[in-house]
Every structure is written in structure tokens, then in C-alpha cells.
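A.B. asks: Got a structure for you, questions after.
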Amino acid sequence: MTAPQPRVIIPNTSKRDVCIAIAAGLLVLAFIGYGIMHMASPVAGNKLIGVVVGREFTPLKERQVSFNGRKIEGVQEIDGEYVLKVRVDAAHRTYEVPVEKPVYEAAKDGDSLTFIRPPSEQR
């Protein structure tokens, strides 16, 4: 029988290697932080502010069922579609903005409304 080979011992890492590893880690962390801050900033060009000039309700009684796998999580009754007509003077246009029932009931003609530009027109 032959004797097993002795283990090879690798010398400890040098201070230079440690500094390079820390600098690389900080650089990666800085890029991740920049990405998070950039994604968290509000969208400036896609927000519109206008004046409510009309309200429109289309009765479409429906039941929405939300489920997860095979379990039903909840059932929600919806009366219909609530739409506010909003005039944006900067764009010289009237938008039809779908909203939830509480927003629809609270909005009156002449009120100011901030909404996001439609996806087809986003910059």
C-alpha cells in the first residue's frame, strides 16, 4: 500500500485580494442601490392632471371570482363600469378614465383629477 498524498495547504489570502473583494462587493451593492432608487422614482411624464367634465355609468352586473389553485378565495359583485370624463387642457383632449365606485361617487364636475396616461400613449 502506498501512503496517501499529504494535503496541499494554500496560503492565506493577501490584503490586496481582500481589498479587491470588498471593492467589488461595494460596487455591486452600489449598482443594486442605484437600480432600486431609479425604479422607485415617480413617473414624471405619464401623469396627467385634468378637470372632471362628466360622469358615465354603464350597468354591467357581474361576479368576479378570485381563486388560488383549486380554492376560491373570494367573490365580488360588481355593479358596472364607472367612467369619468376628464378634460386635460395641456393636451387639448378629453380622456375617459375608468375608476372605482368610491372615486366615482366622490367626484363632481369641476373637480381636479390626477391619473396616469393610457398605456398606448405612455412615453
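Ordered as shown in the C-alpha cells, chains take letters A, B, and onward, while each chain numbers its residues from 1 and ligands are numbered from 1 in the order shown.
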Would you list, as a ChimeraX atom specification, the residues of chain A that end up in strand (DSSP E or B) under DSSP run on this structure's backbone?
C.D. replies: /A:47-68,71-88,93-99,112-116
A.B. asks: Residues near range 43-56 of chain A, anyone? I mean within 8 Å using only C-alpha atoms, not counting same-chain ones fewer than 2 positions away, as a list in words.
C.D. replies: Ser41, Thr58, Tyr82, Val83, Leu84, Lys85, Val86, Arg87, Val88, Asp89, Tyr104, Ala107, Lys108, Asp109, Gly110, Asp111, Ser112, Leu113, Thr114, Phe115, Ile116, Arg117, Gln122 and Arg123 of chain A
A.B. asks: In Å, rounded to a single decimal, give me how far CA of Asp79 in chain A is from CA of Val103 in chain A.
C.D. replies: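 According to the coordinates, CA of Val103 in chain A and CA of Asp79 in chain A are separated by 14.4 Å.
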A.B. asks: What does the structure give for the distance between CA of Leu26 in chain A and CA of Asn12 in chain A, in Å to one decimal?
C.D. replies: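 Calculated distance between CA of Leu26 in chain A and CA of Asn12 in chain A is 22.2 Å.
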A.B. asks: Quote the spacing between CA of Ala24 in chain A and CA of Val8 in chain A in Å to one decimal place.
C.D. replies: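 CA of Ala24 in chain A sits 28.4 Å away from CA of Val8 in chain A.
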A.B. asks: So which residues of chain A fall under helix (DSSP H, G or I) by DSSP, listed as a PyMOL selection string?
C.D. replies: chain A and resi 15-40+101-106+119-121
